[in-house]
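Structure data follow from protein_34.cif (mmCIF, C-alpha atoms):
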data_query
#
loop_
_atom_site.label_atom_id
_atom_site.label_comp_id
_atom_site.auth_asym_id
_atom_site.auth_seq_id
_atom_site.Cartn_x
_atom_site.Cartn_y
_atom_site.Cartn_z
CA SER A 1 67.35 -64.75 -140.30
CA CYS A 2 68.95 -64.65 -143.75
CA SER A 3 71.55 -67.31 -142.86
CA THR A 4 68.87 -69.59 -141.40
CA SER A 5 66.80 -69.28 -144.55
CA THR A 6 69.84 -70.06 -146.71
CA ARG A 7 70.75 -73.13 -144.64
CA GLY A 8 67.16 -74.37 -144.84
CA SER A 9 67.06 -73.99 -148.61
CA ASN A 10 70.42 -75.77 -149.01
CA LEU A 11 69.35 -78.63 -146.74
CA LYS A 12 66.09 -79.10 -148.65
CA GLY A 13 67.95 -79.18 -151.94
CA GLU A 14 70.50 -81.66 -150.55
CA VAL A 15 67.76 -84.05 -149.39
CA ILE A 16 66.00 -83.90 -152.76
CA ASP A 17 69.26 -84.56 -154.62
CA ARG A 18 70.01 -87.54 -152.37
CA LEU A 19 66.59 -89.09 -152.90
CA GLU A 20 66.79 -88.62 -156.66
CA GLY A 21 70.21 -90.34 -156.64
CA GLN A 22 68.92 -93.30 -154.68
CA CYS A 23 65.98 -93.66 -157.07
CA SER A 24 68.24 -93.65 -160.09
CA ARG A 25 70.48 -96.34 -158.55
CA GLY A 26 67.51 -98.53 -157.67
CA GLU A 27 68.20 -98.35 -153.97
CA ILE A 28 64.59 -97.30 -153.31
CA GLY A 29 61.46 -97.67 -155.35
CA ALA A 30 60.57 -101.33 -154.75
CA ARG A 31 56.97 -101.88 -153.71
CA THR A 32 57.03 -102.92 -150.06
CA PRO A 33 53.78 -104.05 -148.34
CA LEU A 34 52.87 -101.79 -145.44
CA SER A 35 49.66 -102.49 -143.54
CA GLY A 36 48.04 -104.00 -146.59
CA ARG A 37 49.26 -101.23 -148.92
CA SER A 38 52.03 -100.94 -151.47
CA SER A 39 53.90 -97.67 -151.92
CA ASP A 40 56.50 -96.20 -154.24
CA ALA A 41 58.69 -93.53 -152.61
CA CYS A 42 59.67 -92.07 -155.97
CA SER A 43 56.37 -91.89 -157.81
CA GLY A 44 54.05 -91.64 -154.80
CA ASP A 45 51.89 -94.35 -156.38
CA VAL A 46 49.57 -96.23 -154.02
CA ALA A 47 47.90 -99.52 -154.84
CA ASP A 48 45.33 -101.24 -152.68
CA SER A 49 42.75 -103.69 -153.96
CA ASN A 50 40.42 -102.83 -151.07
CA LEU A 51 40.34 -99.07 -151.67
CA ALA A 52 37.82 -99.24 -154.49
CA ALA A 53 35.46 -101.27 -152.36
CA GLN A 54 35.94 -99.01 -149.33
CA ALA A 55 35.50 -95.69 -151.17
CA PRO A 56 31.91 -94.36 -151.20
CA SER A 57 30.21 -94.10 -154.56
CA ARG A 58 30.19 -90.59 -155.97
CA LEU A 59 26.78 -89.05 -156.79
CA PRO A 60 26.08 -86.20 -159.17
CA SER A 61 25.95 -82.80 -157.52
CA GLY A 62 22.60 -82.27 -155.77
CA ALA A 63 21.55 -85.94 -156.02
CA MET A 64 20.24 -87.67 -152.90
CA PRO A 65 21.30 -91.23 -152.07
CA SER A 66 18.51 -93.76 -152.43
CA ARG A 67 17.36 -95.53 -149.29
CA SER A 68 15.66 -98.84 -148.97
CA HIS A 69 12.56 -98.72 -146.77
CA LYS A 70 9.75 -101.15 -146.27
CA SER A 71 6.69 -99.97 -148.19
CA THR A 72 3.83 -98.63 -146.10
CA GLY A 73 1.31 -99.27 -148.85
CA GLN A 74 0.34 -95.59 -148.82
CA THR A 75 0.45 -93.46 -151.96
CA PHE A 76 1.09 -89.76 -152.45
CA ALA A 77 1.49 -87.11 -155.12
CA VAL A 78 3.42 -83.84 -154.98
CA SER A 79 2.89 -81.09 -157.55
CA GLY A 80 4.50 -77.69 -157.89
CA GLY A 81 8.03 -78.66 -156.88
CA TYR A 82 8.80 -79.43 -153.20
CA PRO A 83 11.61 -82.01 -153.72
CA ALA A 84 12.25 -82.26 -149.97
CA ILE A 85 8.62 -83.26 -149.29
CA ARG A 86 8.73 -85.85 -152.06
CA GLN A 87 12.04 -87.34 -150.88
CA GLY A 88 10.89 -87.39 -147.27
CA LEU A 89 7.80 -89.44 -148.14
CA LEU A 90 9.81 -91.83 -150.32
CA ASP A 91 12.31 -92.34 -147.49
CA ARG A 92 9.43 -93.32 -145.22
CA GLY A 93 8.17 -96.01 -147.55
CA TRP A 94 5.39 -94.12 -149.35
CA GLN A 95 4.72 -94.88 -153.00
CA GLU A 96 4.45 -92.02 -155.50
CA GLY A 97 1.38 -91.91 -157.71
CA SER A 98 -0.22 -89.66 -160.27
CA PRO A 99 -1.74 -86.35 -159.10
CA GLU A 100 -4.90 -87.26 -161.04
CA ASN A 101 -5.38 -90.46 -159.04
CA PRO A 102 -8.51 -89.95 -156.86
CA ASN A 103 -7.44 -92.72 -154.46
CA LEU A 104 -4.25 -91.08 -153.15
CA ASP A 105 -3.66 -91.20 -149.41
CA PHE A 106 -1.93 -87.82 -149.39
CA LYS A 107 -1.77 -84.94 -151.87
CA TRP A 108 0.57 -81.96 -151.63
CA THR A 109 -0.05 -79.05 -153.98
CA CYS A 110 1.03 -75.45 -154.38
CA LYS A 111 -2.49 -74.07 -154.86
CA ARG A 112 -5.62 -74.87 -152.87
CA ASP A 113 -7.68 -74.94 -156.08
CA GLU A 114 -5.86 -78.09 -157.22
CA ILE A 115 -7.56 -80.13 -154.49
CA GLU A 116 -11.08 -81.48 -155.06
CA TYR A 117 -12.40 -81.50 -151.50
CA ALA A 118 -15.74 -82.99 -152.51
CA THR A 119 -14.03 -86.24 -153.53
CA LEU A 120 -11.87 -86.63 -150.40
CA THR A 121 -12.87 -89.31 -147.94
CA ALA A 122 -11.25 -90.40 -144.69
CA PRO A 123 -8.39 -91.09 -144.22
CA GLN A 124 -7.29 -89.12 -147.32
CA ARG A 125 -5.29 -85.97 -146.50
CA ALA A 126 -4.17 -82.79 -148.25
CA ASN A 127 -1.91 -79.89 -147.33
CA HIS A 128 -4.62 -77.20 -147.62
CA PHE A 129 -7.75 -76.70 -145.52
CA GLU A 130 -11.01 -76.09 -147.29
CA ARG A 131 -12.34 -72.51 -147.01
CA ILE A 132 -9.29 -71.49 -144.98
CA SER A 133 -9.55 -68.00 -146.48
CA HIS A 134 -12.24 -67.26 -143.86
CA LEU A 135 -9.47 -67.19 -141.25
CA CYS A 136 -6.12 -66.73 -143.01
CA THR A 137 -7.02 -63.57 -144.96
CA LYS A 138 -7.41 -60.12 -143.40
CA ILE A 139 -10.86 -59.65 -144.91
CA GLY A 140 -12.13 -63.04 -143.73
CA LEU A 141 -10.71 -62.74 -140.22
CA ASN A 142 -11.97 -59.20 -139.77
CA SER A 143 -15.51 -59.96 -140.95
CA HIS A 144 -15.85 -62.97 -138.65
CA LEU A 145 -14.51 -61.10 -135.62
CA GLN A 146 -16.94 -58.25 -136.24
CA GLU A 147 -19.83 -60.72 -136.56
CA ALA A 148 -18.80 -62.47 -133.33
CA ARG A 149 -18.76 -59.31 -131.20
CA SER A 150 -22.10 -60.13 -129.56
CA ASN A 151 -21.04 -63.71 -128.75
CA LEU A 152 -17.63 -62.95 -127.24
CA ASP A 153 -16.98 -62.32 -123.57
CA VAL A 154 -14.19 -59.85 -124.37
CA ASP A 155 -14.02 -56.70 -126.46
CA ILE A 156 -12.13 -57.52 -129.66
CA ASP A 157 -10.84 -53.93 -129.77
CA THR A 158 -8.58 -54.82 -126.82
CA PHE A 159 -6.56 -57.35 -128.83
CA TYR A 160 -7.43 -56.74 -132.49
CA PRO A 161 -6.51 -53.47 -134.27
CA GLN A 162 -9.20 -51.32 -135.85
CA THR A 163 -9.58 -52.63 -139.41
CA PHE A 164 -11.65 -51.51 -142.37
CA HIS A 165 -12.47 -53.24 -145.64
CA LEU A 166 -12.70 -50.21 -147.90
CA PHE A 167 -14.66 -52.10 -150.59
CA GLY A 168 -17.33 -53.21 -148.14
CA ALA A 169 -20.66 -51.48 -147.63
CA GLY A 170 -20.31 -48.55 -145.24
CA GLU A 171 -16.66 -49.33 -144.50
CA THR A 172 -15.29 -46.25 -146.27
CA GLU A 173 -17.54 -43.97 -144.25
CA ALA A 174 -16.62 -45.78 -141.04
CA PHE A 175 -12.91 -45.35 -141.84
CA ALA A 176 -13.38 -41.61 -142.50
CA ASN A 177 -15.23 -41.15 -139.21
CA GLU A 178 -12.56 -43.03 -137.29
CA TYR A 179 -9.83 -40.94 -138.92
CA LYS A 180 -11.59 -37.68 -137.98
CA LEU A 181 -12.08 -38.90 -134.42
CA ARG A 182 -8.41 -39.81 -133.95
CA LYS A 183 -7.30 -36.55 -135.55
CA ALA A 184 -9.56 -34.58 -133.20
CA GLU A 185 -8.28 -36.58 -130.24
CA GLY A 186 -4.68 -35.78 -131.16
CA ILE A 187 -5.41 -32.04 -131.50
CA LEU A 188 -7.10 -31.89 -128.10
CA LYS A 189 -4.28 -33.80 -126.38
CA ASP A 190 -1.62 -31.54 -127.89
CA TRP A 191 -3.62 -28.43 -126.92
CA LEU A 192 -4.05 -29.62 -123.32
CA ASP A 193 -0.35 -30.51 -122.98
CA HIS A 194 0.59 -27.10 -124.34
CA ARG A 195 -1.68 -25.24 -121.89
CA GLU A 196 -0.69 -27.37 -118.87
CA ASN A 197 2.99 -26.68 -119.58
CA GLY A 198 2.36 -22.92 -119.59
CA GLY A 199 2.57 -22.39 -123.35
CA ALA A 200 1.34 -19.18 -124.92
CA GLU A 201 -2.12 -19.17 -126.54
CA ASN A 202 -0.77 -17.86 -129.84
CA GLU A 203 1.66 -20.80 -130.10
CA THR A 204 -0.96 -23.55 -130.27
CA PHE A 205 -4.07 -24.39 -132.29
CA ALA A 206 -6.54 -21.64 -133.12
CA GLU A 207 -9.78 -21.46 -131.13
CA ASP A 208 -11.99 -22.48 -134.07
CA VAL A 209 -9.85 -25.60 -134.61
CA ILE A 210 -10.28 -26.57 -130.97
CA ASN A 211 -14.05 -26.05 -131.21
CA VAL A 212 -14.32 -28.31 -134.25
CA ALA A 213 -12.23 -30.99 -132.55
CA LEU A 214 -14.47 -30.78 -129.45
CA MET A 215 -17.60 -31.11 -131.57
CA VAL A 216 -16.26 -34.22 -133.33
CA PHE A 217 -15.28 -35.85 -130.06
CA GLN A 218 -18.52 -34.96 -128.28
CA ARG A 219 -20.52 -36.45 -131.15
CA HIS A 220 -18.63 -39.71 -130.67
CA LEU A 221 -19.25 -39.78 -126.92
CA THR A 222 -22.96 -39.01 -127.17
CA ASP A 223 -25.21 -42.04 -126.69
CA ILE A 224 -27.18 -42.89 -129.85
CA ASP A 225 -30.34 -43.46 -127.81
CA SER A 226 -30.20 -39.93 -126.40
CA LEU A 227 -29.88 -38.56 -129.94
CA LEU A 228 -32.99 -40.43 -131.10
CA THR A 229 -35.12 -39.24 -128.17
CA SER A 230 -33.90 -35.65 -128.06
CA GLU A 231 -36.19 -32.77 -128.99
CA ASP A 232 -33.70 -31.71 -131.64
CA ASN A 233 -34.07 -34.96 -133.54
CA GLU A 234 -34.79 -33.86 -137.12
CA ALA A 235 -36.34 -37.21 -138.04
CA GLU A 236 -38.99 -36.92 -135.31
CA ALA A 237 -39.67 -33.29 -136.11
CA GLN A 238 -40.52 -34.21 -139.70
#
Would you write the structure of this file as structure tokens?
Amino acid sequence: SCSTSTRGSNLKGEVIDRLEGQCSRGEIGARTPLSGRSSDACSGDVADSNLAAQAPSRLPSGAMPSRSHKSTGQTFAVSGGYPAIRQGLLDRGWQEGSPENPNLDFKWTCKRDEIEYATLTAPQRANHFERISHLCTKIGLNSHLQEARSNLDVDIDTFYPQTFHLFGAGETEAFANEYKLRKAEGILKDWLDHRENGGAENETFAEDVINVALMVFQRHLTDIDSLLTSEDNEAEAQ
């Protein structure tokens, strides 16, 4: 492998020496047309009058090439950034206007508050729906689903998780009751699994804990109407 490497190095040097000798004697180096191009074997110079016309124009980094499109006569305004939205509309023939112009055909903003819905008339468009917070926020969606319980043919608890707005009236108490109920349910399930699997009584929940859990769960299962009509109803007794 060493001899091969040596022969290769010597051959390369011999070729370079021969080319340099031919250049110095003028045997090579004349510009000879080749397919419309002129070349110089010594300097590597290339000259072609058509290259400048054929080469694409260089744009600054990040710049987008301008496109010529027939104007649609529609105007738009984009605020808050969004260069891709702006360029896309320009490429489609839209004309950019001032965000303060009330006659824009389309307005794209970062915040919903920047759109004056009262002044919009068809076919003007914007990228935010009015009062969308009633559906796209947890509080708004939850309140509307709870209000629609009586008008729905399905139980919302089958597809919507139990949700509480802790700043709403009565919601904190409802959350506490739900937490106690689920805690009691978990205690009773663990106790039953332990007993069914033959576990020792002293290795599970104490009897008073089980009694409290049963009381919480029974209170939940009791029909409210039966509580109001029972003889033990304190309100009626008073």
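Residues matched by the PyMOL selection byres ((chain A and resi 187) around 12) in this file: Lys180, Leu181, Arg182, Lys183, Ala184, Glu185, Gly186, Leu188, Lys189, Asp190, Trp191, Leu192, Asp193, His194, Thr204, Phe205, Ala206, Glu207, Asp208, Val209, Ile210, Asn211, Val212, Ala213, Leu214, Val216 and Phe217 of chain A.
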Exercise for review: Given the file shown, enumerate the residues that the PyMOL selection byres ((chain A and resi 95) around 10) captures and present them as a PyMOL selection string.
Suggested key: chain A and resi 71-77+86+89-94+96-97+104-105
Review point. Quick one, how far is atom CA of A:Val78 from atom CA of A:Trp108?
Key: 4.8 Å
**Study point:** Test item: residues at most 10 Å from A:Pro102, all atoms listed in the file, excluding those fewer than 4 positions along its chain, as a ChimeraX atom specification
**Key:** /A:98,107,116,119-121,124
Using the selection just defined, write its residues with C-alpha atoms as a PDB file, keeping the file's coordinate frame.
ATOM      1  CA  SER A  98      -0.220 -89.660-160.270  1.00  0.00           C
ATOM      2  CA  LYS A 107      -1.770 -84.940-151.870  1.00  0.00           C
ATOM      3  CA  GLU A 116     -11.080 -81.480-155.060  1.00  0.00           C
ATOM      4  CA  THR A 119     -14.030 -86.240-153.530  1.00  0.00           C
ATOM      5  CA  LEU A 120     -11.870 -86.630-150.400  1.00  0.00           C
ATOM      6  CA  THR A 121     -12.870 -89.310-147.940  1.00  0.00           C
ATOM      7  CA  GLN A 124      -7.290 -89.120-147.320  1.00  0.00           C
TER       8      GLN A 124
END
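Of note, atom CA of A:Leu145 and atom CA of A:Phe167 are spaced 17.5 Å apart.
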**Study point:** Atom-to-atom span, atom CA of A:Pro99 and atom CA of A:Ser79, Å
**Key:** 7.2 Å
